[in-house]
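Data file: coords29.cif. Format and content: mmCIF, C-alpha atoms.
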data_data
loop_
_atom_site.label_atom_id
_atom_site.label_comp_id
_atom_site.auth_asym_id
_atom_site.auth_seq_id
_atom_site.Cartn_x
_atom_site.Cartn_y
_atom_site.Cartn_z
CA THR A 1 105.87 87.92 75.78
CA GLU A 2 108.25 85.50 74.06
CA ALA A 3 107.23 82.61 76.31
CA VAL A 4 103.51 83.09 75.71
CA ASP A 5 104.22 83.59 72.01
CA ALA A 6 105.98 80.22 71.92
CA ILE A 7 102.93 78.58 73.49
CA THR A 8 100.41 80.14 71.11
CA ARG A 9 102.50 79.33 68.03
CA THR A 10 102.99 75.72 69.13
CA LEU A 11 99.24 75.35 69.61
CA GLY A 12 98.54 76.91 66.23
CA LEU A 13 96.82 79.93 67.72
CA GLY A 14 98.99 82.51 65.99
CA GLU A 15 101.80 84.82 67.05
CA TYR A 16 100.97 86.33 70.42
CA ARG A 17 103.70 88.94 70.18
CA GLY A 18 102.07 90.40 67.07
CA TRP A 19 98.63 90.72 68.64
CA PRO A 20 97.29 94.12 69.74
CA GLU A 21 97.01 94.64 73.50
CA GLU A 22 93.24 94.19 73.58
CA ARG A 23 93.48 90.78 71.93
CA ARG A 24 96.29 89.73 74.28
CA VAL A 25 94.22 90.66 77.33
CA ASP A 26 91.13 88.89 76.00
CA PHE A 27 93.13 85.74 75.32
CA LEU A 28 94.87 85.71 78.70
CA VAL A 29 91.71 86.43 80.68
CA ASN A 30 89.81 83.73 78.78
CA VAL A 31 92.46 81.11 79.51
CA LEU A 32 92.89 82.14 83.15
CA THR A 33 89.13 82.17 83.72
CA GLN A 34 88.70 78.71 82.24
CA GLY A 35 91.50 77.33 84.40
CA ARG A 36 92.81 75.01 81.73
CA ARG A 37 96.48 74.27 81.08
CA LEU A 38 97.93 75.28 77.73
CA THR A 39 101.64 74.46 77.59
CA PRO A 40 102.35 71.39 75.43
CA ALA A 41 104.50 68.67 76.95
CA ARG A 42 107.01 69.13 74.15
CA MET A 43 107.43 72.61 72.82
CA PRO A 44 110.28 74.02 70.72
CA THR A 45 111.87 76.91 72.60
CA THR A 46 114.70 79.36 72.29
CA PRO A 47 117.27 79.62 75.11
CA ARG A 48 115.54 82.78 76.36
CA VAL A 49 112.12 81.12 76.47
CA ALA A 50 113.56 78.00 78.08
CA GLU A 51 115.12 80.14 80.81
CA VAL A 52 111.79 81.82 81.54
CA LEU A 53 109.90 78.54 81.72
CA ASP A 54 112.62 76.97 83.89
CA THR A 55 112.36 79.91 86.27
CA PHE A 56 108.66 79.28 86.80
CA ARG A 57 109.26 75.53 87.23
CA MET A 58 111.82 76.36 89.89
CA MET A 59 109.28 78.61 91.61
CA ALA A 60 106.85 75.69 91.68
CA ALA A 61 109.47 73.32 93.10
CA VAL A 62 110.64 75.37 96.11
CA HIS A 63 108.79 76.01 99.35
CA PRO A 64 106.16 78.77 98.96
CA GLU A 65 107.87 80.88 101.63
CA SER A 66 111.22 80.72 99.84
CA LEU A 67 110.24 83.43 97.38
CA GLY A 68 108.23 86.60 97.71
CA ALA A 69 106.89 88.66 94.86
CA TYR A 70 107.57 88.30 91.15
CA VAL A 71 108.45 91.87 90.16
CA ILE A 72 107.92 92.80 86.51
CA THR A 73 110.46 95.41 85.49
CA MET A 74 109.40 98.00 82.92
CA ALA A 75 105.76 96.93 83.21
CA GLY A 76 103.72 98.94 80.76
CA LYS A 77 100.65 96.92 79.78
CA PRO A 78 98.01 94.85 81.58
CA SER A 79 99.07 91.83 79.55
CA ASP A 80 102.51 92.00 81.21
CA VAL A 81 100.91 91.13 84.54
CA LEU A 82 98.40 88.64 83.16
CA ALA A 83 101.12 86.79 81.22
CA VAL A 84 103.07 86.19 84.44
CA GLU A 85 99.89 84.99 86.12
CA LEU A 86 99.40 82.53 83.27
CA LEU A 87 102.99 81.28 83.23
CA GLN A 88 103.11 80.62 86.96
CA ARG A 89 99.83 78.74 86.75
CA GLU A 90 101.12 76.72 83.78
CA ALA A 91 104.15 75.75 85.84
CA GLY A 92 102.01 74.68 88.79
CA VAL A 93 103.12 77.42 91.19
CA THR A 94 100.86 76.87 94.23
CA PRO A 95 99.91 79.07 95.90
CA PRO A 96 100.57 81.68 93.23
CA ARG A 97 103.28 84.21 94.03
CA ARG A 98 102.49 87.88 94.26
CA VAL A 99 102.88 89.57 90.87
CA VAL A 100 104.06 93.17 91.23
CA PRO A 101 104.37 95.58 88.30
CA LEU A 102 107.32 98.00 88.52
CA PHE A 103 106.74 101.41 86.97
CA GLU A 104 109.92 103.37 86.45
CA THR A 105 110.11 105.41 83.25
CA ALA A 106 108.15 108.67 83.04
CA ARG A 107 105.95 107.20 80.31
CA ASP A 108 105.09 104.12 82.35
CA LEU A 109 104.48 106.18 85.49
CA ARG A 110 101.98 108.35 83.61
CA ALA A 111 100.19 105.26 82.32
CA ALA A 112 100.32 103.32 85.59
CA ALA A 113 96.87 104.26 86.90
CA GLY A 114 95.22 103.41 83.59
CA MET A 115 96.90 100.02 83.58
CA ILE A 116 95.82 99.34 87.17
CA ASP A 117 92.28 100.42 86.32
CA THR A 118 92.15 97.97 83.42
CA LEU A 119 93.44 95.12 85.56
CA LEU A 120 91.10 95.72 88.49
CA ALA A 121 88.15 95.94 86.11
CA ILE A 122 88.80 92.28 85.22
CA PRO A 123 86.75 90.16 87.68
CA TRP A 124 89.24 87.26 87.57
CA TYR A 125 92.19 89.49 88.40
CA ARG A 126 90.47 91.43 91.17
CA ASP A 127 89.21 88.21 92.77
CA ARG A 128 92.68 86.65 92.54
CA VAL A 129 94.32 89.64 94.23
CA MET A 130 91.77 89.84 97.03
CA LYS A 131 91.71 86.10 97.63
CA HIS A 132 95.46 85.54 97.89
CA GLU A 133 96.92 88.87 99.05
CA GLY A 134 93.98 90.98 100.12
CA ARG A 135 95.55 94.02 98.50
CA LEU A 136 97.23 95.16 95.31
CA GLU A 137 101.00 95.63 95.26
CA VAL A 138 102.76 98.12 93.01
CA MET A 139 106.41 99.13 92.87
CA VAL A 140 107.69 102.51 91.69
CA GLY A 141 111.34 102.97 90.76
CA TYR A 142 113.65 105.94 91.04
CA SER A 143 116.81 105.11 89.13
CA ASP A 144 115.50 104.86 85.56
CA SER A 145 112.96 107.63 86.03
CA ALA A 146 115.73 110.01 87.13
CA LYS A 147 117.86 108.98 84.17
CA ASP A 148 114.84 109.36 81.91
CA VAL A 149 113.68 112.90 82.75
CA GLY A 150 115.97 114.16 85.51
CA ARG A 151 115.60 114.05 89.29
CA LEU A 152 113.15 116.92 89.70
CA ALA A 153 110.78 115.86 86.92
CA ALA A 154 111.05 112.23 88.06
CA ALA A 155 110.05 113.19 91.60
CA TRP A 156 106.95 114.93 90.28
CA GLU A 157 106.00 112.01 88.00
CA LEU A 158 106.48 109.58 90.90
CA TYR A 159 104.27 111.68 93.17
CA LYS A 160 101.49 111.97 90.59
CA ALA A 161 101.67 108.27 89.76
CA GLN A 162 101.35 107.22 93.39
CA GLU A 163 98.38 109.53 93.97
CA SER A 164 96.58 108.25 90.87
CA ILE A 165 97.33 104.60 91.64
CA VAL A 166 95.86 104.93 95.13
CA GLU A 167 92.81 106.78 93.83
CA THR A 168 92.23 104.13 91.17
CA SER A 169 92.60 101.26 93.64
CA ARG A 170 90.26 102.95 96.07
CA ALA A 171 87.66 103.35 93.31
CA HIS A 172 87.74 99.56 92.86
CA GLY A 173 87.60 98.91 96.60
CA VAL A 174 91.04 97.32 96.65
CA PRO A 175 93.71 98.33 99.22
CA VAL A 176 97.14 99.00 97.73
CA THR A 177 100.73 98.72 98.91
CA LEU A 178 103.31 100.91 97.20
CA PHE A 179 106.92 99.75 97.17
CA HIS A 180 109.59 102.36 96.62
CA GLY A 181 112.73 101.03 94.94
CA ARG A 182 115.79 103.25 95.07
CA GLY A 183 118.54 100.65 95.07
CA GLY A 184 121.48 100.27 97.41
CA SER A 185 121.88 97.53 99.99
CA VAL A 186 121.90 96.94 103.73
CA GLY A 187 125.56 96.00 103.42
CA ASP A 188 126.39 99.57 102.46
CA LEU A 189 125.18 100.70 105.87
CA PHE A 190 127.48 98.38 107.78
CA ARG A 191 130.47 98.99 105.53
CA GLY A 192 130.03 102.71 105.99
CA GLN A 193 130.80 103.28 102.33
CA PRO A 194 127.89 105.28 100.88
CA GLU A 195 129.64 105.67 97.55
CA LEU A 196 129.05 101.97 96.93
CA GLY A 197 125.33 102.61 96.97
CA ARG A 198 125.29 105.51 94.54
CA ARG A 199 122.67 104.90 91.89
CA GLY A 200 121.06 106.77 89.04
CA ASP A 201 118.83 108.75 91.39
CA GLY A 202 121.86 110.56 92.73
CA VAL A 203 121.21 109.72 96.39
CA ASP A 204 124.01 108.54 98.69
CA THR A 205 122.91 105.21 100.10
CA LEU A 206 123.53 104.54 103.77
CA GLY A 207 121.20 101.59 103.94
CA GLN A 208 118.25 99.83 102.41
CA VAL A 209 115.20 99.49 104.58
CA ALA A 210 111.52 98.71 104.46
CA VAL A 211 109.47 101.43 106.08
CA GLU A 212 105.81 102.24 106.55
CA VAL A 213 104.80 105.67 105.28
CA ASP A 214 101.55 107.57 105.35
CA ARG A 215 100.77 109.82 102.43
CA PRO A 216 98.53 112.89 102.85
CA GLY A 217 94.84 112.25 102.32
CA LEU A 218 95.08 108.48 102.03
CA ALA A 219 92.52 106.38 103.83
CA PRO A 220 93.54 103.73 106.38
CA GLY A 221 94.06 100.34 104.77
CA CYS A 222 94.42 101.92 101.34
CA GLY A 223 97.03 104.61 101.69
CA ALA A 224 99.72 102.76 103.58
CA GLY A 225 102.74 102.39 101.38
CA ARG A 226 105.67 100.17 102.15
CA GLY A 227 108.86 101.76 100.91
CA ARG A 228 111.38 99.17 99.94
CA GLY A 229 114.94 100.16 99.18
CA ASP A 230 114.49 103.73 100.40
CA HIS A 231 117.71 105.43 101.40
CA LEU A 232 118.72 106.71 104.81
CA ARG A 233 120.88 109.78 104.89
CA ASN A 234 122.95 111.13 107.78
CA VAL A 235 122.28 108.09 109.92
CA ARG A 236 123.89 108.31 113.35
#
Would you mind writing the structure in this file as C-alpha coordinates?
Amino acid sequence: TEAVDAITRTLGLGEYRGWPEERRVDFLVNVLTQGRRLTPARMPTTPRVAEVLDTFRMMAAVHPESLGAYVITMAGKPSDVLAVELLQREAGVTPPRRVVPLFETARDLRAAAGMIDTLLAIPWYRDRVMKHEGRLEVMVGYSDSAKDVGRLAAAWELYKAQESIVETSRAHGVPVTLFHGRGGSVGDLFRGQPELGRRGDGVDTLGQVAVEVDRPGLAPGCGAGRGRGDHLRNVR
(Lines of atoms letter the chains of each structure in order from A and count residues from 1; the text may use other names and numbers.)
(Lines give C-alpha, C1' and ligand atoms only; values in the text may rest on other atoms or scores of the structure.)
Protein backbone atom coordinates (compact mmCIF):
# COMPACT_ATOMS: atom_id res chain seq x y z
CA THR A 1 0.00 0.00 0.00
CA GLU A 2 2.75 2.47 0.94
CA ALA A 3 4.68 1.79 -2.26
CA VAL A 4 1.69 2.34 -4.53
CA ASP A 5 0.75 5.39 -2.46
CA ALA A 6 4.21 6.85 -3.09
CA ILE A 7 3.73 6.36 -6.83
CA THR A 8 0.29 7.96 -6.98
CA ARG A 9 1.35 10.94 -4.86
CA THR A 10 4.46 11.53 -6.97
CA LEU A 11 2.34 11.49 -10.12
CA GLY A 12 -0.18 13.87 -8.59
CA LEU A 13 -2.96 11.31 -8.60
CA GLY A 14 -3.77 11.58 -4.92
CA GLU A 15 -3.16 9.43 -1.85
CA TYR A 16 -3.76 5.81 -2.73
CA ARG A 17 -3.78 4.69 0.90
CA GLY A 18 -6.77 6.93 1.59
CA TRP A 19 -8.84 5.60 -1.30
CA PRO A 20 -11.74 3.20 -0.68
CA GLU A 21 -11.19 -0.38 -1.86
CA GLU A 22 -13.39 -0.02 -4.93
CA ARG A 23 -11.38 2.95 -6.18
CA ARG A 24 -8.10 1.14 -5.52
CA VAL A 25 -9.23 -1.88 -7.54
CA ASP A 26 -10.49 0.29 -10.39
CA PHE A 27 -7.20 2.16 -10.53
CA LEU A 28 -5.02 -0.96 -10.40
CA VAL A 29 -7.06 -2.84 -12.99
CA ASN A 30 -7.05 0.17 -15.32
CA VAL A 31 -3.27 0.51 -15.14
CA LEU A 32 -2.63 -3.23 -15.45
CA THR A 33 -5.00 -3.52 -18.40
CA GLN A 34 -3.36 -0.64 -20.24
CA GLY A 35 0.08 -2.14 -19.71
CA ARG A 36 1.78 1.20 -19.18
CA ARG A 37 4.55 1.87 -16.68
CA LEU A 38 3.86 4.34 -13.89
CA THR A 39 6.87 4.59 -11.58
CA PRO A 40 8.81 7.84 -12.10
CA ALA A 41 12.55 7.54 -12.62
CA ARG A 42 13.11 9.70 -9.55
CA MET A 43 10.63 9.32 -6.75
CA PRO A 44 10.97 10.40 -3.12
CA THR A 45 10.61 7.34 -0.90
CA THR A 46 10.75 6.36 2.73
CA PRO A 47 13.12 3.56 3.82
CA ARG A 48 10.16 1.15 3.96
CA VAL A 49 9.03 2.00 0.43
CA ALA A 50 12.60 1.85 -0.87
CA GLU A 51 12.98 -1.64 0.61
CA VAL A 52 9.80 -2.83 -1.13
CA LEU A 53 10.83 -1.41 -4.50
CA ASP A 54 14.36 -2.84 -4.13
CA THR A 55 12.86 -6.25 -3.42
CA PHE A 56 10.97 -6.21 -6.70
CA ARG A 57 14.05 -4.98 -8.58
CA MET A 58 15.98 -7.89 -7.11
CA MET A 59 13.24 -10.26 -8.27
CA ALA A 60 13.62 -8.88 -11.78
CA ALA A 61 17.41 -9.27 -11.71
CA VAL A 62 17.67 -12.94 -10.67
CA HIS A 63 16.94 -16.01 -12.76
CA PRO A 64 13.17 -16.72 -12.97
CA GLU A 65 13.66 -20.14 -11.38
CA SER A 66 15.49 -18.68 -8.39
CA LEU A 67 12.27 -17.61 -6.70
CA GLY A 68 8.86 -19.19 -6.46
CA ALA A 69 5.72 -17.46 -5.28
CA TYR A 70 5.34 -14.03 -3.73
CA VAL A 71 3.21 -14.77 -0.67
CA ILE A 72 1.16 -11.88 0.72
CA THR A 73 0.79 -12.28 4.46
CA MET A 74 -2.44 -11.06 6.06
CA ALA A 75 -4.06 -10.63 2.65
CA GLY A 76 -7.52 -9.19 3.14
CA LYS A 77 -8.48 -7.23 0.03
CA PRO A 78 -8.32 -7.76 -3.74
CA SER A 79 -6.13 -4.68 -4.02
CA ASP A 80 -3.46 -6.45 -1.94
CA VAL A 81 -2.98 -8.94 -4.76
CA LEU A 82 -3.36 -6.46 -7.60
CA ALA A 83 -0.83 -4.08 -6.01
CA VAL A 84 1.81 -6.81 -6.01
CA GLU A 85 0.99 -7.59 -9.63
CA LEU A 86 1.51 -3.92 -10.46
CA LEU A 87 4.76 -3.55 -8.51
CA GLN A 88 6.37 -6.60 -10.08
CA ARG A 89 5.40 -5.38 -13.52
CA GLU A 90 6.77 -1.91 -12.74
CA ALA A 91 10.07 -3.51 -11.76
CA GLY A 92 10.22 -5.54 -14.96
CA VAL A 93 9.80 -8.98 -13.37
CA THR A 94 9.53 -11.31 -16.38
CA PRO A 95 7.88 -13.72 -16.37
CA PRO A 96 5.77 -12.52 -13.46
CA ARG A 97 6.09 -14.53 -10.26
CA ARG A 98 3.12 -16.31 -8.78
CA VAL A 99 1.25 -14.04 -6.36
CA VAL A 100 -0.31 -16.04 -3.51
CA PRO A 101 -2.60 -14.50 -0.89
CA LEU A 102 -2.21 -15.95 2.62
CA PHE A 103 -5.37 -16.03 4.72
CA GLU A 104 -4.73 -16.62 8.37
CA THR A 105 -6.92 -14.68 10.79
CA ALA A 106 -10.53 -15.81 11.31
CA ARG A 107 -11.79 -12.58 9.75
CA ASP A 108 -9.67 -12.99 6.63
CA LEU A 109 -10.57 -16.67 6.32
CA ARG A 110 -14.27 -15.79 6.37
CA ALA A 111 -13.75 -13.16 3.69
CA ALA A 112 -11.39 -15.24 1.54
CA ALA A 113 -13.96 -16.62 -0.90
CA GLY A 114 -15.45 -13.18 -1.50
CA MET A 115 -12.01 -11.77 -2.22
CA ILE A 116 -11.22 -14.62 -4.63
CA ASP A 117 -14.59 -14.11 -6.33
CA THR A 118 -13.84 -10.42 -6.87
CA LEU A 119 -10.41 -11.16 -8.31
CA LEU A 120 -11.54 -13.90 -10.68
CA ALA A 121 -14.36 -11.68 -11.92
CA ILE A 122 -11.68 -9.31 -13.27
CA PRO A 123 -10.90 -10.44 -16.85
CA TRP A 124 -7.28 -9.22 -16.67
CA TYR A 125 -6.59 -11.14 -13.47
CA ARG A 126 -8.26 -14.36 -14.55
CA ASP A 127 -6.44 -14.29 -17.90
CA ARG A 128 -3.12 -13.61 -16.17
CA VAL A 129 -3.56 -16.55 -13.79
CA MET A 130 -4.60 -18.98 -16.50
CA LYS A 131 -1.91 -17.86 -18.93
CA HIS A 132 1.06 -18.08 -16.57
CA GLU A 133 0.11 -20.68 -13.95
CA GLY A 134 -2.99 -22.39 -15.25
CA ARG A 135 -4.49 -22.38 -11.77
CA LEU A 136 -5.06 -20.14 -8.79
CA GLU A 137 -2.88 -20.54 -5.71
CA VAL A 138 -4.04 -19.73 -2.20
CA MET A 139 -2.32 -20.29 1.14
CA VAL A 140 -4.11 -20.79 4.45
CA GLY A 141 -2.25 -20.40 7.73
CA TYR A 142 -2.64 -22.11 11.07
CA SER A 143 -0.52 -20.22 13.58
CA ASP A 144 -2.26 -16.84 13.67
CA SER A 145 -5.72 -18.32 13.25
CA ALA A 146 -5.16 -20.53 16.30
CA LYS A 147 -3.89 -17.56 18.29
CA ASP A 148 -6.83 -15.52 17.04
CA VAL A 149 -9.78 -17.76 17.96
CA GLY A 150 -8.30 -20.93 19.45
CA ARG A 151 -7.38 -24.24 17.82
CA LEU A 152 -10.87 -25.73 17.55
CA ALA A 153 -12.53 -22.62 16.12
CA ALA A 154 -9.55 -22.06 13.82
CA ALA A 155 -9.84 -25.59 12.44
CA TRP A 156 -13.50 -24.98 11.61
CA GLU A 157 -12.80 -21.59 9.98
CA LEU A 158 -9.98 -23.14 7.94
CA TYR A 159 -12.23 -25.96 6.76
CA LYS A 160 -15.05 -23.61 5.75
CA ALA A 161 -12.64 -21.24 4.01
CA GLN A 162 -11.09 -24.01 1.93
CA GLU A 163 -14.49 -25.37 0.88
CA SER A 164 -15.72 -21.92 -0.14
CA ILE A 165 -12.50 -21.03 -1.98
CA VAL A 166 -12.70 -24.21 -4.04
CA GLU A 167 -16.39 -23.67 -4.79
CA THR A 168 -15.74 -20.09 -5.86
CA SER A 169 -12.82 -21.05 -8.08
CA ARG A 170 -14.84 -23.83 -9.66
CA ALA A 171 -17.65 -21.38 -10.41
CA HIS A 172 -15.15 -19.30 -12.41
CA GLY A 173 -13.71 -22.36 -14.16
CA VAL A 174 -10.30 -21.91 -12.55
CA PRO A 175 -8.46 -24.82 -10.87
CA VAL A 176 -7.05 -24.00 -7.44
CA THR A 177 -4.10 -25.15 -5.35
CA LEU A 178 -4.36 -24.75 -1.58
CA PHE A 179 -1.15 -24.43 0.42
CA HIS A 180 -1.31 -25.26 4.10
CA GLY A 181 1.22 -23.36 6.21
CA ARG A 182 1.80 -24.66 9.72
CA GLY A 183 5.42 -23.68 10.24
CA GLY A 184 8.33 -25.78 11.40
CA SER A 185 11.22 -26.91 9.23
CA VAL A 186 12.71 -29.99 7.63
CA GLY A 187 15.73 -29.53 9.89
CA ASP A 188 13.57 -30.30 12.91
CA LEU A 189 12.98 -33.78 11.52
CA PHE A 190 16.65 -34.60 11.22
CA ARG A 191 17.59 -33.04 14.54
CA GLY A 192 14.89 -35.07 16.23
CA GLN A 193 13.95 -32.09 18.37
CA PRO A 194 10.22 -31.50 17.88
CA GLU A 195 10.16 -28.81 20.52
CA LEU A 196 12.11 -26.58 18.14
CA GLY A 197 9.19 -26.66 15.76
CA ARG A 198 6.47 -25.76 18.23
CA ARG A 199 4.36 -22.97 16.85
CA GLY A 200 1.17 -21.14 17.71
CA ASP A 201 -0.99 -23.98 16.42
CA GLY A 202 0.20 -26.17 19.26
CA VAL A 203 1.41 -29.03 17.05
CA ASP A 204 4.75 -30.74 17.65
CA THR A 205 6.70 -30.47 14.42
CA LEU A 206 8.63 -33.49 13.24
CA GLY A 207 9.14 -32.19 9.74
CA GLN A 208 7.91 -29.86 7.07
CA VAL A 209 6.73 -31.46 3.87
CA ALA A 210 4.75 -30.78 0.74
CA VAL A 211 1.99 -33.31 0.26
CA GLU A 212 -0.87 -33.86 -2.13
CA VAL A 213 -4.26 -34.17 -0.45
CA ASP A 214 -7.72 -34.88 -1.78
CA ARG A 215 -10.62 -33.21 -0.05
CA PRO A 216 -14.10 -34.80 -0.06
CA GLY A 217 -16.29 -33.82 -2.97
CA LEU A 218 -13.64 -31.91 -4.89
CA ALA A 219 -13.40 -32.43 -8.62
CA PRO A 220 -10.17 -33.60 -10.27
CA GLY A 221 -7.98 -30.69 -11.32
CA CYS A 222 -9.80 -28.35 -8.97
CA GLY A 223 -9.79 -30.01 -5.59
CA ALA A 224 -6.18 -31.06 -5.33
CA GLY A 225 -4.54 -29.11 -2.56
CA ARG A 226 -0.84 -29.00 -1.95
CA GLY A 227 -0.14 -28.79 1.75
CA ARG A 228 3.04 -26.93 2.44
CA GLY A 229 4.53 -26.91 5.90
CA ASP A 230 2.14 -29.55 7.23
CA HIS A 231 3.44 -31.40 10.26
CA LEU A 232 4.23 -35.08 10.60
CA ARG A 233 3.61 -36.65 13.96
CA ASN A 234 4.92 -39.96 15.29
CA VAL A 235 7.17 -40.48 12.30
CA ARG A 236 9.09 -43.75 12.46
Q. Can you tell me, as a PyMOL selection string, what residues are no more than 12 Å from Leu28 in chain A when counting only C-alpha atoms, ignoring any on the same chain fewer than 5 positions away?
A. chain A and resi 1+4-5+7-8+16+19+21-23+33-38+78-87+89+119+122+124-125
**Q.** For Ala6 in chain A: contacts at 9 Å, only C-alpha atoms, fewer than 6 positions along chain excluded, given as a VMD selection string
**A.** chain A and resid 15 to 16 43 to 46 49
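Residue nearest Leu109 in chain A, chosen from A:Leu152, A:Val31, A:Val174, A:Ala75 and counting only C-alpha atoms: A:Ala75.
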Q) Expanded to explicit residues, what is the PyMOL selection byres ((chain A and resi 73) around 12) for this file, as a ChimeraX atom specification? A) /A:70-72,74-77,80-81,84,99-105,108,138-141,144,181
Q: Kindly indicate which residue among A:Gly114, A:Pro123, A:Gly12, A:Gly150 lies nearest to Val166 in chain A, using only C-alpha atoms for the distances.
A: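 The shortest atom-to-atom distance to Val166 in chain A comes from A:Gly114.
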Q | Nearest-residue call for Ala91 in chain A, choices A:Val29, A:Ala69, A:Ala106, A:Met59, using only C-alpha atoms | A | A:Met59
Q.
Can you measure CA of Phe56 in chain A to CA of Gln88 in chain A for me? One decimal in Å is fine.
A.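 A separation of 5.7 Å between them.
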